[in-house]
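With mmCIF, C-alpha atoms inside, this is final_13.cif:
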data_coords
loop_
_atom_site.label_atom_id
_atom_site.label_comp_id
_atom_site.auth_asym_id
_atom_site.auth_seq_id
_atom_site.Cartn_x
_atom_site.Cartn_y
_atom_site.Cartn_z
CA MET A 141 103.78 120.21 99.73
CA PRO A 142 100.50 118.76 101.11
CA GLN A 143 99.60 115.28 99.94
CA SER A 144 96.90 115.13 97.29
CA ILE A 145 93.80 112.92 97.52
CA LEU A 146 91.78 112.09 94.40
CA ILE A 147 88.13 111.52 95.38
CA VAL A 148 86.31 109.38 92.82
CA GLU A 149 82.66 109.77 93.82
CA ASP A 150 79.51 110.65 91.82
CA ASP A 151 77.46 111.60 94.91
CA SER A 152 78.15 115.33 95.23
CA ASP A 153 77.14 115.50 98.92
CA ILE A 154 79.59 112.76 99.89
CA ALA A 155 82.33 114.22 97.69
CA GLU A 156 81.97 117.74 99.11
CA SER A 157 81.92 116.43 102.69
CA LEU A 158 85.15 114.54 102.05
CA VAL A 159 86.74 117.61 100.43
CA TYR A 160 85.81 119.82 103.39
CA ASN A 161 87.14 117.42 106.02
CA LEU A 162 90.30 116.45 104.14
CA LYS A 163 91.22 120.09 103.54
CA ARG A 164 90.78 120.73 107.27
CA GLU A 165 93.33 117.95 107.87
CA GLY A 166 95.85 119.58 105.52
CA PHE A 167 95.33 117.52 102.35
CA ARG A 168 94.89 118.86 98.83
CA THR A 169 91.90 117.34 97.01
CA SER A 170 90.44 116.85 93.56
CA ILE A 171 87.14 115.25 92.54
CA ALA A 172 86.29 112.94 89.64
CA GLU A 173 82.62 112.08 89.12
CA SER A 174 83.41 109.20 86.75
CA GLY A 175 86.01 106.49 86.29
CA GLU A 176 87.07 107.93 82.95
CA LYS A 177 87.83 111.35 84.44
CA ALA A 178 89.64 109.76 87.39
CA LEU A 179 91.84 107.73 85.03
CA ARG A 180 92.84 110.88 83.13
CA ILE A 181 93.75 112.68 86.36
CA ALA A 182 95.69 109.72 87.79
CA LEU A 183 97.70 109.26 84.59
CA ASP A 184 98.62 112.95 84.38
CA GLY A 185 102.27 112.83 85.43
CA ARG A 186 102.23 116.49 86.46
CA ASN A 187 99.42 116.06 89.00
CA ARG A 188 99.63 112.46 90.18
CA PRO A 189 97.63 112.07 93.41
CA SER A 190 99.17 110.66 96.58
CA LEU A 191 96.14 108.40 97.13
CA VAL A 192 92.78 107.58 95.52
CA LEU A 193 89.48 107.30 97.43
CA LEU A 194 87.42 105.17 95.06
CA ASP A 195 83.67 104.61 95.04
CA LEU A 196 82.76 101.35 93.31
CA MET A 197 79.34 102.34 91.93
CA LEU A 198 80.15 104.88 89.23
CA PRO A 199 78.52 105.88 85.94
CA GLY A 200 80.32 104.45 82.92
CA MET A 201 83.56 102.78 84.00
CA SER A 202 83.01 101.03 87.32
CA GLY A 203 85.27 101.54 90.31
CA SER A 204 86.44 97.92 90.00
CA GLU A 205 87.45 98.44 86.37
CA LEU A 206 89.21 101.70 87.25
CA CYS A 207 91.18 99.93 89.99
CA ARG A 208 92.11 97.20 87.51
CA ARG A 209 93.25 99.80 84.94
CA LEU A 210 95.33 101.72 87.47
CA ARG A 211 97.10 98.53 88.54
CA ARG A 212 97.93 97.71 84.89
CA GLU A 213 99.58 101.08 84.20
CA GLU A 214 103.26 101.33 85.11
CA SER A 215 102.90 104.89 86.43
CA THR A 216 100.04 104.01 88.79
CA GLU A 217 100.62 100.34 89.67
CA ASP A 218 101.79 101.34 93.16
CA LEU A 219 99.31 104.21 93.67
CA PRO A 220 97.54 103.76 97.06
CA ILE A 221 93.81 103.05 96.63
CA ILE A 222 91.11 102.96 99.30
CA MET A 223 87.71 101.73 98.15
CA LEU A 224 84.52 103.36 99.44
CA THR A 225 81.38 101.29 98.93
CA ALA A 226 78.00 100.31 100.30
CA ARG A 227 78.80 96.65 99.65
CA ALA A 228 79.50 95.19 103.09
CA ALA A 229 79.62 91.46 102.30
CA GLU A 230 82.93 89.72 102.98
CA ARG A 231 83.11 88.43 99.39
CA ASP A 232 82.88 92.02 98.11
CA LYS A 233 85.70 93.15 100.40
CA LEU A 234 87.87 90.24 99.30
CA ALA A 235 87.15 90.98 95.64
CA GLY A 236 88.16 94.62 96.10
CA LEU A 237 91.37 93.77 97.93
CA GLU A 238 92.28 91.14 95.34
CA LEU A 239 91.87 93.76 92.61
CA GLY A 240 94.67 95.67 94.29
CA ALA A 241 92.94 98.03 96.72
CA ASP A 242 95.00 98.84 99.81
CA ASP A 243 92.01 99.26 102.10
CA TYR A 244 88.21 99.05 101.97
CA ILE A 245 85.73 101.28 103.82
CA VAL A 246 82.01 100.51 103.96
CA LYS A 247 79.38 103.27 103.68
CA PRO A 248 78.09 104.94 105.74
CA PHE A 249 81.39 105.95 107.29
CA SER A 250 82.69 108.68 109.57
CA THR A 251 85.06 111.17 108.03
CA LYS A 252 87.36 110.73 111.03
CA GLU A 253 87.71 107.05 110.13
CA VAL A 254 88.43 107.91 106.49
CA VAL A 255 91.16 110.37 107.52
CA ALA A 256 92.69 107.79 109.89
CA ARG A 257 92.69 105.12 107.20
CA ILE A 258 94.26 107.51 104.68
CA ARG A 259 97.06 108.40 107.08
CA ALA A 260 97.63 104.72 107.90
CA VAL A 261 97.91 103.70 104.24
CA LEU A 262 100.20 106.64 103.41
CA ARG A 263 102.44 105.80 106.39
CA ARG A 264 102.64 102.23 105.17
CA PHE A 265 103.82 103.36 101.74
CA GLU A 266 106.32 105.80 103.23
CA LYS A 267 107.89 102.92 105.20
CA GLU A 268 108.59 101.21 101.88
CA SER A 269 110.67 104.14 100.62
CA ILE A 270 114.02 102.32 101.09
CA PRO A 271 115.07 101.95 97.44
CA ARG A 272 116.74 98.56 97.57
CA TYR A 273 117.56 95.48 99.65
CA GLN A 274 120.42 93.19 98.66
CA ASP A 275 122.35 90.33 100.22
CA ASP A 276 124.44 87.46 98.82
CA ARG A 277 121.41 85.81 97.17
CA LEU A 278 118.38 88.07 97.22
CA THR A 279 117.89 91.47 95.59
CA VAL A 280 114.71 93.51 95.98
CA ASP A 281 114.18 96.84 94.20
CA PHE A 282 111.25 98.49 95.99
CA ARG A 283 110.77 101.31 93.50
CA ASP A 284 110.63 99.13 90.40
CA MET A 285 109.05 96.16 92.22
CA ARG A 286 111.72 93.78 90.94
CA VAL A 287 113.03 90.71 92.76
CA ALA A 288 115.94 88.43 91.89
CA CYS A 289 117.24 85.30 93.63
CA CYS A 290 120.78 84.16 92.81
CA GLY A 291 120.69 86.34 89.72
CA SER A 292 117.39 84.98 88.35
CA GLU A 293 114.34 87.26 88.17
CA VAL A 294 111.40 86.29 90.38
CA LYS A 295 107.92 87.24 89.14
CA LEU A 296 105.66 88.18 92.07
CA THR A 297 102.08 89.38 92.26
CA ARG A 298 101.38 92.71 93.94
CA LYS A 299 100.26 91.02 97.17
CA GLU A 300 103.31 88.72 97.24
CA PHE A 301 105.63 91.69 96.70
CA ALA A 302 103.82 93.65 99.46
CA LEU A 303 104.28 90.73 101.87
CA LEU A 304 107.97 90.43 101.10
CA SER A 305 108.45 94.21 101.37
CA TYR A 306 106.73 94.42 104.75
CA MET A 307 108.82 91.60 106.18
CA ILE A 308 112.05 93.10 104.83
CA ASN A 309 111.16 96.45 106.37
CA SER A 310 110.64 94.56 109.66
CA LEU A 311 114.05 92.86 109.28
CA GLY A 312 114.92 90.77 112.32
CA ARG A 313 111.50 91.27 113.95
CA VAL A 314 108.55 88.92 113.83
CA ALA A 315 105.68 90.19 111.68
CA THR A 316 102.54 88.86 113.34
CA ARG A 317 99.76 87.38 111.25
CA GLN A 318 97.50 90.32 112.11
CA GLN A 319 100.16 92.88 111.20
CA LEU A 320 100.63 91.24 107.80
CA LEU A 321 96.89 91.09 107.17
CA ASP A 322 96.41 94.70 108.29
CA ASN A 323 99.30 96.07 106.25
CA VAL A 324 98.91 94.03 103.07
CA TRP A 325 95.16 93.37 102.87
CA GLY A 326 93.97 96.47 104.69
CA TYR A 327 93.22 97.54 108.24
CA ASN A 328 90.37 95.74 110.00
CA TYR A 329 90.61 92.75 107.64
CA PHE A 330 88.24 90.05 108.86
CA GLY A 331 88.51 87.51 106.05
CA ASP A 332 89.85 83.96 106.17
CA THR A 333 93.38 84.09 107.65
CA ARG A 334 94.30 81.08 105.50
CA THR A 335 94.62 83.62 102.67
CA LEU A 336 97.88 84.75 104.29
CA ASP A 337 99.26 81.20 104.51
CA VAL A 338 98.41 80.54 100.85
CA HIS A 339 100.25 83.71 99.75
CA ILE A 340 103.28 82.91 101.94
CA ARG A 341 103.44 79.40 100.47
CA ARG A 342 103.31 80.76 96.91
CA LEU A 343 105.90 83.41 97.75
CA ARG A 344 108.30 80.76 99.08
CA GLN A 345 107.75 78.59 96.01
CA LYS A 346 108.60 81.49 93.70
CA LEU A 347 111.64 82.54 95.74
CA ASP A 348 112.94 78.97 95.36
CA GLY A 349 116.60 79.12 96.45
CA CYS A 350 115.85 82.13 98.65
CA ALA A 351 112.72 80.66 100.28
CA ASP A 352 114.54 80.09 103.57
CA THR A 353 114.77 83.85 104.10
CA ILE A 354 111.13 83.67 105.26
CA GLU A 355 110.92 81.90 108.60
CA THR A 356 107.72 80.67 110.26
CA VAL A 357 107.35 81.62 113.91
CA VAL A 358 104.81 79.05 115.05
CA GLY A 359 101.67 80.54 116.56
CA VAL A 360 102.83 84.12 115.90
CA GLY A 361 103.63 84.91 112.27
CA TYR A 362 106.63 85.18 109.99
CA ARG A 363 110.10 86.72 110.05
CA PHE A 364 112.45 87.78 107.26
CA ALA A 365 115.84 86.23 108.01
CA GLY A 366 117.99 88.02 105.46
CA GLN A 367 121.18 89.86 106.24
CA LYS A 368 121.18 93.19 108.04
CA GLN A 369 122.28 96.09 105.85
CA GLY A 370 125.51 97.70 106.82
#

So that I can check it, write out the structure of this file as structure tokens.
Amino acid sequence: MPQSILIVEDDSDIAESLVYNLKREGFRTSIAESGEKALRIALDGRNRPSLVLLDLMLPGMSGSELCRRLRREESTEDLPIIMLTARAAERDKLAGLELGADDYIVKPFSTKEVVARIRAVLRRFEKESIPRYQDDRLTVDFRDMRVACCGSEVKLTRKEFALLSYMINSLGRVATRQQLLDNVWGYNYFGDTRTLDVHIRRLRQKLDGCADTIETVVGVGYRFAGQKQG
């Protein structure tokens, strides 16, 4: 079945252009002109979208508030979200990504770029479809977003869990700093790269007795040093 894209956009010209081009690329689409309508569609278990294209400037509930609500709901906490907005300042991009968006596209944009970003985000989520990682100390349940070290539960933020997941899925290989920024904060991320180091430091602190599973490769990035699955 084709993947479904929920377009949350109150500008009818933009929405219809996205519908036309996404259908040509084989996607199913639905439109919500407000945050309230989008929330109802996203929470409908029978028609859950594969990804949300979210405009920030909406009547009623803002796109930021909708993103926050979707991340709070258990059924949509891992739903891929790409923000579409005219706000191009770096602080606005960082705010959107910190809310839980998976990517951020500035208007005006080309529909080819939107399609490419959608495919990239969906591929990234498909790579995380392995249900579970487990070794002698560390257990990671990708579907339920649960982590335990030596039997004790580890509470991670969404970004920390995404970092750990990406490194586990790259088991044995070095994940470069740019790869981690692209895949966790969004493609074409141009913010302060110290953000990555801060999140890695917090992740190690929370992992405690399992912190040594994340190795620093000086000048390159990080590597997950857990056990290979048999």

### Task
Please determine the residues with any atom at most 12 Å from (93.5, 103.3, 88.4) (coordinates as given in the file, with all atoms listed in the file counting) and report them as an NGL selection string.
:A and (146 or 148 or 174-184 or 188-189 or 191-196 or 201-223 or 239-241)

### Task
Point out the residue among A:Leu237, A:Leu262, A:Ile308, A:Val255 with the least atom-to-atom distance to Phe364 of chain A, counting all atoms listed in the file.
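Of the candidates, the smallest distance to Phe364 of chain A is held by A:Ile308.
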
### Message
So the first atom is atom CA of Ala302 of chain A and the second is atom CA of Ile145 of chain A; what is the distance between them in Å, to one decimal place?
### Response
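Between these atoms lies a distance of 21.8 Å.
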
### Message
If I take atom CA of Leu162 of chain A and atom CA of Gln143 of chain A, how far is one from the other in Å, to one decimal?
### Response
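Atom CA of Gln143 of chain A lies at a distance of 10.3 Å from atom CA of Leu162 of chain A.
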
### Query
Could you work out how far atom CA of Arg259 of chain A lies from atom CA of Ser305 of chain A, giving the answer in Å with one decimal?
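Separating atom CA of Ser305 of chain A from atom CA of Arg259 of chain A is a distance of 19.1 Å.
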
### Task
Apply the PyMOL selection byres ((chain A and resi 343) around 10) to the file shown and report the selected residues as a list of chain:residue names.
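When the PyMOL selection byres ((chain A and resi 343) around 10) is applied to the shown file, the picked residues are A:Val294, A:Lys295, A:Leu296, A:Thr297, A:Lys299, A:Glu300, A:Phe301, A:Leu303, A:Leu304, A:Asp337, A:Val338, A:His339, A:Ile340, A:Arg341, A:Arg342, A:Arg344, A:Gln345, A:Lys346, A:Leu347, A:Asp348, A:Ala351, A:Ile354.
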
Take the residues from that selection and write them out as a compact mmCIF listing (two decimals), in the frame of the given file, keeping C-alpha atoms.
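Listed below is the output, again_35.txt:
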# COMPACT_ATOMS: atom_id res chain seq x y z
CA VAL A 294 111.40 86.29 90.38
CA LYS A 295 107.92 87.24 89.14
CA LEU A 296 105.66 88.18 92.07
CA THR A 297 102.08 89.38 92.26
CA LYS A 299 100.26 91.02 97.17
CA GLU A 300 103.31 88.72 97.24
CA PHE A 301 105.63 91.69 96.70
CA LEU A 303 104.28 90.73 101.87
CA LEU A 304 107.97 90.43 101.10
CA ASP A 337 99.26 81.20 104.51
CA VAL A 338 98.41 80.54 100.85
CA HIS A 339 100.25 83.71 99.75
CA ILE A 340 103.28 82.91 101.94
CA ARG A 341 103.44 79.40 100.47
CA ARG A 342 103.31 80.76 96.91
CA ARG A 344 108.30 80.76 99.08
CA GLN A 345 107.75 78.59 96.01
CA LYS A 346 108.60 81.49 93.70
CA LEU A 347 111.64 82.54 95.74
CA ASP A 348 112.94 78.97 95.36
CA ALA A 351 112.72 80.66 100.28
CA ILE A 354 111.13 83.67 105.26

### Task
Show which residues sit within 12 Å of Ser310 of chain A, as a list in words. Count all atoms listed in the file, and ignore same-chain residues fewer than 6 positions away.
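Using all atoms listed in the file, the neighbours found are Arg264, Lys267, Glu268, Leu303, Leu304, Thr316, Gln319, Leu320, Asn323, Ile354, Tyr362, Arg363, Phe364, Ala365, Gly366 and Lys368 of chain A.
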
### Contact residues around Asp284 of chain A with only C-alpha atoms at 10 Å, ignoring same-chain residues under 3 positions, as a list of chain:residue names
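Neighbouring residues, sequence-local ones excluded: A:Glu214, A:Asp218, A:Pro271, A:Arg272, A:Val280, A:Asp281, A:Val287.
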
### Residue among A:Ala256, A:Tyr306, A:Trp325, A:Asp352 lying closest to Arg277 of chain A, counting only C-alpha atoms
A:Asp352

### Selected residue, from A:Leu198, A:Cys350, A:Leu336, A:Leu311, that lies nearest to Ala288 of chain A when counting only C-alpha atoms
A:Cys350

### Message
Considering only C-alpha atoms, can you say which of A:Pro248, A:Pro199, A:Gly166, A:Gly185 comes closest to Glu149 of chain A?
### Response
A:Pro199

### Message
Under the rule that only C-alpha atoms are counted, which of A:Gly236, A:Gly361, A:Gly200, A:Gly291 is the nearest residue to Asp150 of chain A?
### Response
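Distance minimum relative to Asp150 of chain A lands on A:Gly200.
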